[in-house]
Every structure is written in C-alpha cells, then in structure tokens.
$ cat my_file-v4.txt   # compact mmCIF, C-alpha atoms and all ligand atoms
# COMPACT_ATOMS: atom_id res chain seq x y z
CA MET J 710 -5.37 9.32 -35.02
CA GLU J 711 -2.05 7.70 -35.88
CA LYS J 712 -1.83 3.88 -35.77
CA PRO J 713 -0.91 2.98 -32.15
CA ALA J 714 2.58 1.60 -31.55
CA VAL J 715 1.10 -1.49 -29.83
CA GLN J 716 -1.77 -3.75 -30.90
CA ARG J 717 -2.53 -5.94 -27.88
CA ILE J 718 -2.06 -4.96 -24.22
CA GLY J 719 -2.20 -7.26 -21.20
CA VAL J 720 -3.33 -5.74 -17.90
CA PHE J 721 -2.93 -7.21 -14.43
CA THR J 722 -2.98 -6.33 -10.74
CA SER J 723 -0.29 -7.45 -8.32
CA GLY J 724 0.63 -7.15 -4.64
CA GLY J 725 -1.82 -6.00 -1.97
CA ASP J 726 -5.11 -5.04 -3.60
CA ALA J 727 -6.43 -1.48 -3.22
CA PRO J 728 -9.78 0.26 -3.76
CA GLY J 729 -9.56 1.88 -7.17
CA MET J 730 -7.67 -0.92 -8.91
CA ASN J 731 -10.90 -1.88 -10.69
CA ALA J 732 -11.34 1.71 -11.87
CA ALA J 733 -7.81 1.58 -13.30
CA ILE J 734 -8.55 -1.72 -15.08
CA ARG J 735 -11.73 -0.21 -16.52
CA SER J 736 -9.83 2.85 -17.74
CA VAL J 737 -7.13 0.75 -19.41
CA VAL J 738 -9.75 -1.32 -21.23
CA ARG J 739 -11.88 1.64 -22.32
CA THR J 740 -8.86 3.65 -23.46
CA CYS J 741 -7.62 0.64 -25.44
CA LEU J 742 -10.99 0.38 -27.18
CA HIS J 743 -10.89 4.13 -27.87
CA MET J 744 -7.47 3.76 -29.50
CA GLY J 745 -8.21 0.57 -31.44
CA ILE J 746 -6.03 -1.64 -29.23
CA GLU J 747 -7.02 -5.10 -27.98
CA CYS J 748 -6.91 -5.72 -24.22
CA ILE J 749 -6.38 -9.01 -22.39
CA GLY J 750 -6.83 -9.37 -18.63
CA ILE J 751 -4.23 -11.48 -16.80
CA ARG J 752 -5.62 -12.93 -13.57
CA ARG J 753 -3.65 -13.40 -10.33
CA GLY J 754 -0.72 -11.14 -11.20
CA TYR J 755 2.61 -12.71 -12.14
CA HIS J 756 1.31 -16.10 -11.00
CA GLY J 757 -1.29 -15.83 -13.75
CA LEU J 758 1.27 -14.71 -16.31
CA ILE J 759 3.38 -17.78 -15.59
CA ASN J 760 0.37 -20.10 -15.82
CA GLY J 761 -1.43 -18.42 -18.74
CA ASP J 762 -4.46 -17.40 -16.63
CA PHE J 763 -6.12 -14.79 -18.86
CA MET J 764 -9.48 -13.42 -20.02
CA PRO J 765 -10.31 -11.19 -23.01
CA LEU J 766 -11.69 -7.83 -21.89
CA ASN J 767 -14.20 -5.74 -23.79
CA PHE J 768 -16.49 -2.78 -23.19
CA GLU J 769 -19.04 -4.82 -21.24
CA SER J 770 -16.43 -6.71 -19.14
CA VAL J 771 -15.69 -3.54 -17.18
CA SER J 772 -19.12 -1.91 -17.02
CA GLY J 773 -19.86 -0.59 -13.54
CA LEU J 774 -16.41 -1.58 -12.33
CA SER J 775 -15.28 1.83 -11.04
CA ARG J 776 -17.37 1.65 -7.92
CA ARG J 777 -16.23 -1.83 -6.88
CA GLY J 778 -13.43 -2.40 -4.36
CA GLY J 779 -10.87 -5.14 -4.83
CA THR J 780 -9.72 -6.26 -8.29
CA MET J 781 -11.72 -8.25 -10.83
CA LEU J 782 -8.40 -9.72 -12.04
CA TYR J 783 -7.53 -11.02 -8.57
CA SER J 784 -4.07 -10.42 -7.17
CA ALA J 785 -1.37 -12.71 -5.83
CA ARG J 786 2.24 -12.61 -4.70
CA SER J 787 4.32 -14.97 -6.87
CA GLU J 788 7.39 -16.73 -5.50
CA ASP J 789 7.92 -18.51 -8.85
CA PHE J 790 8.31 -15.22 -10.68
CA LYS J 791 11.36 -14.38 -8.55
CA ALA J 792 13.24 -17.14 -10.39
CA LYS J 793 14.59 -16.66 -13.93
CA GLN J 794 12.62 -19.68 -15.10
CA GLY J 795 9.38 -18.15 -13.87
CA GLN J 796 10.17 -14.87 -15.62
CA GLU J 797 10.89 -16.72 -18.85
CA ARG J 798 7.63 -18.68 -18.58
CA ALA J 799 5.78 -15.40 -18.06
CA GLY J 800 7.45 -13.98 -21.16
CA ALA J 801 6.46 -17.08 -23.10
CA THR J 802 2.82 -16.58 -22.05
CA CYS J 803 2.96 -13.02 -23.37
CA LYS J 804 4.32 -14.27 -26.69
CA LEU J 805 1.67 -17.03 -26.84
CA LEU J 806 -1.07 -14.45 -26.25
CA GLY J 807 0.45 -12.11 -28.82
CA LEU J 808 0.92 -9.36 -26.25
CA ASP J 809 3.27 -6.56 -27.22
CA ALA J 810 2.70 -4.59 -24.04
CA LEU J 811 1.77 -4.98 -20.37
CA VAL J 812 0.21 -2.64 -17.83
CA GLY J 813 0.92 -3.69 -14.23
CA ILE J 814 -1.08 -2.09 -11.39
CA GLY J 815 0.60 -2.44 -8.01
CA GLY J 816 3.62 -1.43 -5.96
CA ASP J 817 7.39 -1.40 -6.32
CA GLY J 818 7.52 -5.20 -6.53
CA THR J 819 5.16 -5.05 -9.49
CA PHE J 820 7.44 -2.53 -11.21
CA ARG J 821 10.54 -4.65 -10.60
CA GLY J 822 8.71 -7.55 -12.27
CA LEU J 823 7.80 -5.37 -15.25
CA LEU J 824 11.50 -4.57 -15.71
CA CYS J 825 12.23 -8.30 -16.10
CA LEU J 826 9.59 -8.52 -18.85
CA ALA J 827 10.86 -5.35 -20.55
CA GLN J 828 14.20 -7.14 -20.86
CA GLN J 829 12.35 -9.80 -22.88
CA GLY J 830 11.20 -7.18 -25.37
CA LEU J 831 7.79 -6.19 -24.00
CA SER J 832 6.68 -2.57 -23.64
CA VAL J 833 5.64 -2.11 -20.02
CA ILE J 834 3.92 0.59 -17.95
CA GLY J 835 3.44 0.56 -14.17
CA ILE J 836 0.52 2.18 -12.37
CA PRO J 837 1.03 2.92 -8.63
CA GLY J 838 -1.66 0.98 -6.77
CA THR J 839 -1.29 0.39 -3.03
CA ILE J 840 -3.05 1.77 0.03
CA ASP J 841 0.38 2.49 1.59
CA ASN J 842 1.15 5.53 -0.62
CA ASP J 843 4.80 4.46 -0.31
CA ILE J 844 5.82 4.60 -3.98
CA ALA J 845 8.58 7.20 -4.10
CA CYS J 846 8.04 8.56 -7.62
CA SER J 847 4.40 9.49 -6.98
CA THR J 848 2.81 11.80 -4.43
CA TYR J 849 -0.26 9.58 -4.63
CA THR J 850 -1.02 5.88 -5.05
CA ILE J 851 -4.42 4.41 -5.91
CA GLY J 852 -6.23 3.23 -2.77
CA PHE J 853 -4.63 5.58 -0.26
CA ASP J 854 -7.57 7.98 0.11
CA SER J 855 -10.10 5.14 0.38
CA ALA J 856 -8.01 3.36 3.02
CA CYS J 857 -7.62 6.57 5.05
CA ASN J 858 -11.37 7.20 4.93
CA THR J 859 -12.16 3.63 5.97
CA ALA J 860 -9.73 3.85 8.88
CA LEU J 861 -11.14 7.25 9.86
CA GLU J 862 -14.70 5.93 9.86
CA CYS J 863 -13.64 3.07 12.19
CA ILE J 864 -11.73 5.43 14.49
CA ASP J 865 -14.66 7.85 14.73
CA LYS J 866 -16.81 4.92 15.88
CA LEU J 867 -14.15 3.88 18.36
CA ARG J 868 -14.02 7.36 19.80
CA ASP J 869 -17.69 7.16 20.83
CA THR J 870 -17.17 4.16 23.08
CA MET J 871 -13.79 5.36 24.35
CA GLN J 872 -15.46 8.64 25.34
CA SER J 873 -18.33 6.81 27.11
CA HIS J 874 -15.93 4.68 29.15
CA GLU J 875 -13.25 7.35 29.47
CA ARG J 876 -10.62 5.00 28.02
CA CYS J 877 -7.41 5.17 26.03
CA SER J 878 -7.59 3.60 22.54
CA VAL J 879 -4.47 2.44 20.68
CA VAL J 880 -5.25 1.85 16.98
CA GLU J 881 -2.86 0.16 14.55
CA VAL J 882 -3.25 1.06 10.87
CA MET J 883 -1.66 -0.46 7.77
CA GLY J 884 1.16 0.98 5.69
CA ARG J 885 3.75 -1.81 5.73
CA HIS J 886 7.03 0.04 6.50
CA ALA J 887 5.58 3.51 5.89
CA GLY J 888 3.60 5.87 8.10
CA HIS J 889 1.58 7.76 5.49
CA VAL J 890 -1.76 6.21 6.49
CA ALA J 891 -1.07 6.71 10.21
CA LEU J 892 0.03 10.32 9.77
CA ASN J 893 -2.92 11.39 7.62
CA VAL J 894 -5.51 9.50 9.65
CA GLY J 895 -3.94 10.85 12.86
CA VAL J 896 -4.38 14.43 11.68
CA ALA J 897 -7.88 13.74 10.35
CA CYS J 898 -9.17 12.12 13.55
CA GLY J 899 -7.54 14.59 15.93
CA ALA J 900 -5.38 11.94 17.57
CA THR J 901 -3.76 12.52 20.95
CA ALA J 902 -0.55 11.03 19.53
CA VAL J 903 0.65 9.49 16.24
CA LEU J 904 3.61 7.08 15.93
CA VAL J 905 5.28 6.34 12.57
CA PRO J 906 8.26 4.10 11.67
CA GLU J 907 10.11 6.92 9.84
CA GLN J 908 10.76 8.83 13.08
CA PRO J 909 12.60 7.77 16.26
CA ILE J 910 10.17 7.59 19.20
CA ASP J 911 10.73 9.40 22.50
CA PHE J 912 7.88 7.64 24.33
CA GLU J 913 7.63 10.13 27.18
CA ALA J 914 7.59 13.19 24.90
CA ASP J 915 5.64 11.66 21.99
CA VAL J 916 2.97 9.71 23.90
CA ILE J 917 2.87 10.22 27.68
CA GLU J 918 3.25 14.00 27.64
CA PRO J 919 0.40 14.52 25.10
CA ILE J 920 -1.83 12.22 27.19
CA ARG J 921 -0.90 14.10 30.36
CA ARG J 922 -1.54 17.49 28.72
CA ALA J 923 -4.92 16.33 27.39
CA ARG J 924 -5.87 14.97 30.81
CA LEU J 925 -4.93 18.22 32.53
CA ALA J 926 -7.10 20.04 29.96
CA GLY J 927 -10.03 17.90 31.12
CA ARG J 928 -9.96 15.19 28.42
CA THR J 929 -10.76 11.73 29.83
CA HIS J 930 -10.37 9.62 26.69
CA PHE J 931 -7.33 9.38 24.39
CA MET J 932 -6.71 8.19 20.80
CA ILE J 933 -3.23 6.92 19.90
CA ILE J 934 -2.62 6.03 16.21
CA VAL J 935 0.25 3.60 15.50
CA ALA J 936 1.56 2.61 12.06
CA GLU J 937 2.00 -1.17 11.77
CA GLY J 938 5.68 -0.63 10.94
CA VAL J 939 6.41 0.83 14.40
CA GLN J 940 8.44 -1.67 16.42
CA GLY J 941 6.15 -3.83 18.54
CA GLY J 942 3.04 -2.28 17.02
CA ALA J 943 -0.03 -1.24 18.99
CA TYR J 944 0.29 -3.90 21.70
CA GLU J 945 3.77 -2.73 22.67
CA VAL J 946 2.57 0.89 22.77
CA ALA J 947 -0.41 -0.10 24.97
CA LYS J 948 1.87 -2.00 27.32
CA ARG J 949 4.16 1.00 27.73
CA ILE J 950 1.17 3.31 28.34
CA THR J 951 -0.01 0.99 31.12
CA GLU J 952 3.46 0.98 32.66
CA ALA J 953 3.61 4.78 32.62
CA THR J 954 0.04 5.72 33.52
CA ALA J 955 -1.69 2.68 35.06
CA MET J 956 -4.40 3.11 32.36
CA ASP J 957 -5.65 -0.05 30.65
CA PRO J 958 -5.72 0.93 26.95
CA ARG J 959 -7.88 -0.95 24.46
CA VAL J 960 -6.03 -2.07 21.30
CA THR J 961 -7.67 -2.17 17.86
CA ILE J 962 -5.83 -3.58 14.84
CA LEU J 963 -7.80 -2.29 11.85
CA GLY J 964 -6.06 -4.72 9.47
CA HIS J 965 -7.47 -5.68 6.10
CA VAL J 966 -10.72 -3.76 6.39
CA GLN J 967 -8.57 -0.83 5.18
CA ARG J 968 -8.05 -2.66 1.89
CA GLY J 969 -11.77 -3.05 1.12
CA GLY J 970 -14.79 -0.99 0.31
CA ALA J 971 -15.90 1.14 -2.59
CA PRO J 972 -13.17 3.54 -3.78
CA THR J 973 -13.62 7.23 -3.07
CA ALA J 974 -14.02 9.78 -5.86
CA ARG J 975 -10.34 10.69 -5.48
CA ASP J 976 -9.26 7.12 -6.06
CA ARG J 977 -11.64 6.57 -8.97
CA ILE J 978 -10.43 9.76 -10.66
CA ALA J 979 -6.72 9.06 -10.05
CA ALA J 980 -7.16 5.47 -11.26
CA THR J 981 -9.02 6.55 -14.38
CA TYR J 982 -6.40 9.19 -15.28
CA MET J 983 -3.54 6.76 -14.65
CA GLY J 984 -5.16 4.00 -16.71
CA TYR J 985 -5.63 6.42 -19.59
CA GLU J 986 -2.04 7.70 -19.30
CA ALA J 987 -0.64 4.16 -19.32
CA VAL J 988 -2.35 3.28 -22.60
CA ARG J 989 -1.55 6.67 -24.15
CA LEU J 990 2.16 6.18 -23.40
CA LEU J 991 2.14 2.69 -24.95
CA ALA J 992 0.25 3.92 -28.03
CA GLU J 993 2.97 6.59 -28.44
CA GLY J 994 5.66 3.93 -28.31
CA LYS J 995 6.94 4.51 -24.76
CA ARG J 996 8.37 1.26 -23.43
CA CYS J 997 9.33 1.15 -19.75
CA ARG J 998 7.64 3.81 -17.63
CA VAL J 999 5.73 4.34 -14.39
CA VAL J 1000 2.77 6.71 -14.39
CA ALA J 1001 2.86 9.02 -11.36
CA LEU J 1002 1.18 12.01 -9.80
CA GLN J 1003 3.39 14.95 -8.84
CA GLY J 1004 1.19 17.47 -7.03
CA ASP J 1005 -1.70 17.95 -9.45
CA GLU J 1006 0.16 16.84 -12.57
CA TYR J 1007 0.23 13.33 -14.08
CA VAL J 1008 3.79 12.55 -15.15
CA ASN J 1009 5.81 9.44 -15.94
CA TYR J 1010 9.29 8.15 -15.15
CA ASP J 1011 11.60 5.47 -16.44
CA ILE J 1012 10.97 2.43 -14.22
CA THR J 1013 14.59 2.11 -13.07
CA GLU J 1014 14.71 5.84 -12.26
CA ALA J 1015 11.41 5.52 -10.37
CA LEU J 1016 12.64 2.55 -8.33
CA ASN J 1017 15.76 4.48 -7.28
CA MET J 1018 13.79 7.41 -5.87
CA LYS J 1019 13.23 7.91 -2.14
CA LYS J 1020 10.14 9.32 -0.39
CA GLY J 1021 9.70 10.21 3.29
CA LEU J 1022 6.66 11.49 5.12
CA ASP J 1023 5.20 14.76 3.91
CA PRO J 1024 7.07 17.29 6.08
CA GLN J 1025 4.18 19.76 6.31
CA THR J 1026 1.69 17.12 7.46
CA TYR J 1027 4.23 15.87 9.99
CA THR J 1028 4.81 19.39 11.33
CA VAL J 1029 1.07 20.02 11.67
CA MET J 1030 0.59 16.70 13.46
CA ARG J 1031 3.40 17.48 15.93
CA ALA J 1032 1.99 20.95 16.57
CA LEU J 1033 -1.56 19.75 17.16
CA THR J 1034 -0.49 16.91 19.43
CA GLY J 1035 1.63 19.41 21.33
CA VAL J 1036 4.91 17.60 20.75
CA LYS J 1037 7.86 20.00 20.73
O1 LIG W 1 0.86 -3.20 0.85
C1 LIG W 1 -0.48 -3.13 1.25
C2 LIG W 1 -0.65 -3.85 2.56
O2 LIG W 1 -1.98 -3.75 2.96
C3 LIG W 1 0.23 -3.33 3.68
O3 LIG W 1 -0.25 -2.13 4.25
C4 LIG W 1 0.19 -4.50 4.63
O4 LIG W 1 1.28 -4.52 5.53
C5 LIG W 1 0.27 -5.68 3.64
O5 LIG W 1 -0.31 -5.22 2.43
C6 LIG W 1 -0.46 -6.91 4.09
O6 LIG W 1 -0.15 -7.92 3.15
P1 LIG W 1 -1.12 -9.20 2.97
O7 LIG W 1 -2.38 -8.72 2.34
O8 LIG W 1 -0.32 -10.11 2.06
O9 LIG W 1 -1.35 -9.75 4.36

$ encode --input "my_file-v4.txt" --output "structure tokens" --more "lines below"
Ligand code: F6P
Amino acid sequence: MEKPAVQRIGVFTSGGDAPGMNAAIRSVVRTCLHMGIECIGIRRGYHGLINGDFMPLNFESVSGLSRRGGTMLYSARSEDFKAKQGQERAGATCKLLGLDALVGIGGDGTFRGLLCLAQQGLSVIGIPGTIDNDIACSTYTIGFDSACNTALECIDKLRDTMQSHERCSVVEVMGRHAGHVALNVGVACGATAVLVPEQPIDFEADVIEPIRRARLAGRTHFMIIVAEGVQGGAYEVAKRITEATAMDPRVTILGHVQRGGAPTARDRIAATYMGYEAVRLLAEGKRCRVVALQGDEYVNYDITEALNMKKGLDPQTYTVMRALTGVK
C-alpha cells in the first residue's frame, strides 16, 4: 500500500446528533489504523476545535460503538466558530495537534465550517449525518432510517389507543425545514393525511376530505402526520380539524426521541461505508469533499458543489402518499 497522503486525521461530530454517528466514528478510526494513519477525536464539534478539546482514538476506544446511539465525541452548535477569530483559533488547534486532515460528521453547517478550515490548508471530508435526510448531494444521511423507525414505533403505539377511543391523532415529526421524515413515516404507518413544508396545503382537500372519506368507509380513528416545518405545526392542524369537524384531536410532538436509540442496520452500514470512504479519499490526497450516497453507489463531491445542490422530496414517494391518502 502506498504511503497515505495524510498522517494524522481529526474526527468530530457537529449539529444535531443522529443514530449511526458512532458507527461512522468507529469506521474512521478503524480505517485509519488499517492505513497506518493516526486518529484524534475532537469533542463537542467546532466548539471543541476552538478550545482544543480532544482525545486520542485507538482500536479499543471504538470497540462496540456501532450499536450505540448518540455520539461519543459529543456534539454542539458553536456561535464562536461563525466569527473569523473562532475559525482561526480552530485552525491553530489543528496545527497544535499536528492534524493535516479533518473528517466532520454532520449537516450542511458542518460542511460550511470545513470549507473555512480547508482555506487554512487542511484537507477536509464531510460525512452526511442528520436524521433530516435534507443534505442535497446525498440520497441518504446517517440517522434517517433509525429516526423513521423510532417515529413509526411510537405512531403504531399511538394508533392502538386512538383506535380504542375512536379519536383523531395529529403527530408532529422532526425534519427541521424538510418533510422527508414525515413523508416516509406517513407512508409506512398508513396515515390518513401527511403534511410537509415543501408543498402548499389545501386544508380541505389534503386533510378534511381524507378524514371524511375514511369516516364514510367506516374508519373511526384517524392519523395525521405533520412535519415540524409546516406552519403552525401539529397544534395549528389540530385546531383547524376541530373547526372543520368538531372532533377533538390529540396532539403528539415526538421531538427528540427521534434522535436517540440504537442505529438500524441501514444506518450502521451507511455510516461504516462513509467513514471508510472519507479516510480513503484523504489517504489518496483528496482535499475538500463530501461523501454521499447516490442510489446504491457511494460517491463524493467537492464541498462547494455539494452545498450548491438542491433536493426536494422524493417525487415517487410523494405520489404514492397522495394516492394512498386519496388526495387528487
Ligand atoms: O437537524 C436535526 C434536528 O433534529 C431537526 O430535525 C430539529 O429541528 C433540530 O435538530 C432540533 O435541534 P436541537 O437539537 O438543537 O433542538
């Protein structure tokens, strides 16, 4: 094997944590060891880079990590890093630690931060890690499948009690400004209606009509899935259902439970592949890339190119959801 282009890689997690981030950290460390590269863990994202919060990582440090939710390196959102001075302090930490490369696991904000450090001479690779699946260059982000399964498990439980009391349930799921979680969970749970921020909402056609149709078919409980980015969220949707139907819907905000739990096989595998790809690219001398999944293929893009891409909802999933909820 040729001598790798980098000798010491720093790895960190940033932004909202996601199940599978630990599997990605483990893969980065183990691939580094395989390629004869040292690996240093930076704790608390860019906040830790600025403050020199680090820990050496070896084979044993990451044993058994794949099955654990959360991130062993903690995560944080850093206001200081937004300022030039913070970015320079972070660069100085990298120099002090003798890092010639960084792997950042997180979302678009993480990748924008990596660009600042690339401008200081570091080789950087981003790995898409967020439950929102809203990173445009990749059809998949680490944590998405686990979050959808957690939400689905909660909604299946909710359906039992809604059925017993013949009620309407309005469930708000995460996703920040995107509706990927809501759309996929809505299809998976057989929702009566699904509302996402990417599409304009015709409340009568998109919510009341599907409820009415289900009721006329004999259904006496209803499941409405709302992405948190929809204006007014679940409480506003419940209010409008009451106004239109005199029902008294029960609102459930799933919240941060979607961010926890053991990662699914899909997330562990995606994280492990992406961690390996990140180190492989650095060893080959690549400097400023984002690892991504396109369909079944692992690819990589220049960070600036990746950040300029756009991604909407998957059109096929959206069409199926509209068909099965009977929305024209
Ligand atoms: O980006 C992941 C995410 O869970 C979003 O879905 C959600 O809106 C946000 O993070 C919550 O942020 P925080 O954990 O800082 O409250």

$ residues_near_ligand --input "my_file-v4.txt" --ligand "ligand LIG 1 (chain W)" --cutoff "6 Å" --atoms "all atoms listed in the file" --output "VMD selection string"
chain J and resid 725 839 to 841 883 to 885

$ atom_distance --input "my_file-v4.txt" --atom1 "atom CA of J:Ser855" --atom2 "atom CA of J:Phe931"
24.5 Å

$ residues_around --input "my_file-v4.txt" --residues "J:Met956" --least-positions-apart "2" --cutoff "12 Å" --atoms "only C-alpha atoms" --output "list of chain:residue names"
J:Glu875, J:Arg876, J:Cys877, J:Ser878, J:Val879, J:Ile917, J:Ile920, J:Arg921, J:Thr929, J:His930, J:Phe931, J:Ala947, J:Lys948, J:Arg949, J:Ile950, J:Thr951, J:Glu952, J:Ala953, J:Thr954, J:Pro958, J:Arg959

$ atom_distance --input "my_file-v4.txt" --atom1 "atom CA of J:Gly970" --atom2 "atom CA of J:Ala887"
21.6 Å

$ closest_residue --input "my_file-v4.txt" --among "J:Lys995, J:Lys1020, J:His874, J:Lys793" --to "J:Val715" --atoms "only C-alpha atoms"
J:Lys995

$ residues_around --input "my_file-v4.txt" --residues "J:Asn1009" --least-positions-apart "6" --cutoff "6 Å" --atoms "only C-alpha atoms" --output "JSON, numbers by chain"
{"J": [999, 1000, 1001]}

$ closest_residue --input "my_file-v4.txt" --among "J:Ile759, J:Ala891, J:Val1036, J:Cys846" --to "J:Val916" --atoms "only C-alpha atoms"
J:Val1036

$ residues_around --input "my_file-v4.txt" --residues "stretch 777-784 of chain J" --least-positions-apart "2" --cutoff "9 Å" --atoms "only C-alpha atoms" --output "ChimeraX atom specification"
/J:720-732,734,750-757,763-764,771,773-775,786,968-972

$ residues_around --input "my_file-v4.txt" --residues "J:Ile836" --least-positions-apart "6" --cutoff "10 Å" --atoms "all atoms listed in the file" --output "count of residues only"
24

$ atom_distance --input "my_file-v4.txt" --atom1 "atom CA of J:Gly1004" --atom2 "atom CA of J:Gly1035"
28.4 Å

$ residues_near_point --input "my_file-v4.txt" --point "(-8.4, 9.0, 4.7)" --cutoff "10 Å" --atoms "all atoms listed in the file" --output "list in words"
Gly852, Phe853, Asp854, Ser855, Ala856, Cys857, Asn858, Thr859, Ala860, Leu861, Glu862, Val890, Ala891, Leu892, Asn893, Val894, Gly895, Val896, Ala897, Cys898, Gln967 and Thr973 of chain J

$ closest_residue --input "my_file-v4.txt" --among "J:Ala845, J:Met932, J:Val737, J:Asp915" --to "J:Gly899" --atoms "all atoms listed in the file"
J:Met932

$ closest_residue --input "my_file-v4.txt" --among "J:Lys866, J:Arg922, J:Arg717, J:Arg821" --to "J:Leu805" --atoms "all atoms listed in the file"
J:Arg717

$ closest_residue --input "my_file-v4.txt" --among "J:Val738, J:Val905, J:Ile934, J:Leu758" --to "J:Ser770" --atoms "all atoms listed in the file"
J:Val738

$ residues_around --input "my_file-v4.txt" --residues "J:Lys1037" --least-positions-apart "6" --cutoff "10 Å" --atoms "only C-alpha atoms" --output "list in words"
Ala914, Asp915, Thr1028 and Arg1031 of chain J

$ closest_residue --input "my_file-v4.txt" --among "J:Gly994, J:Gly800, J:Leu823, J:Gly761" --to "J:Gln716" --atoms "only C-alpha atoms"
J:Gly994
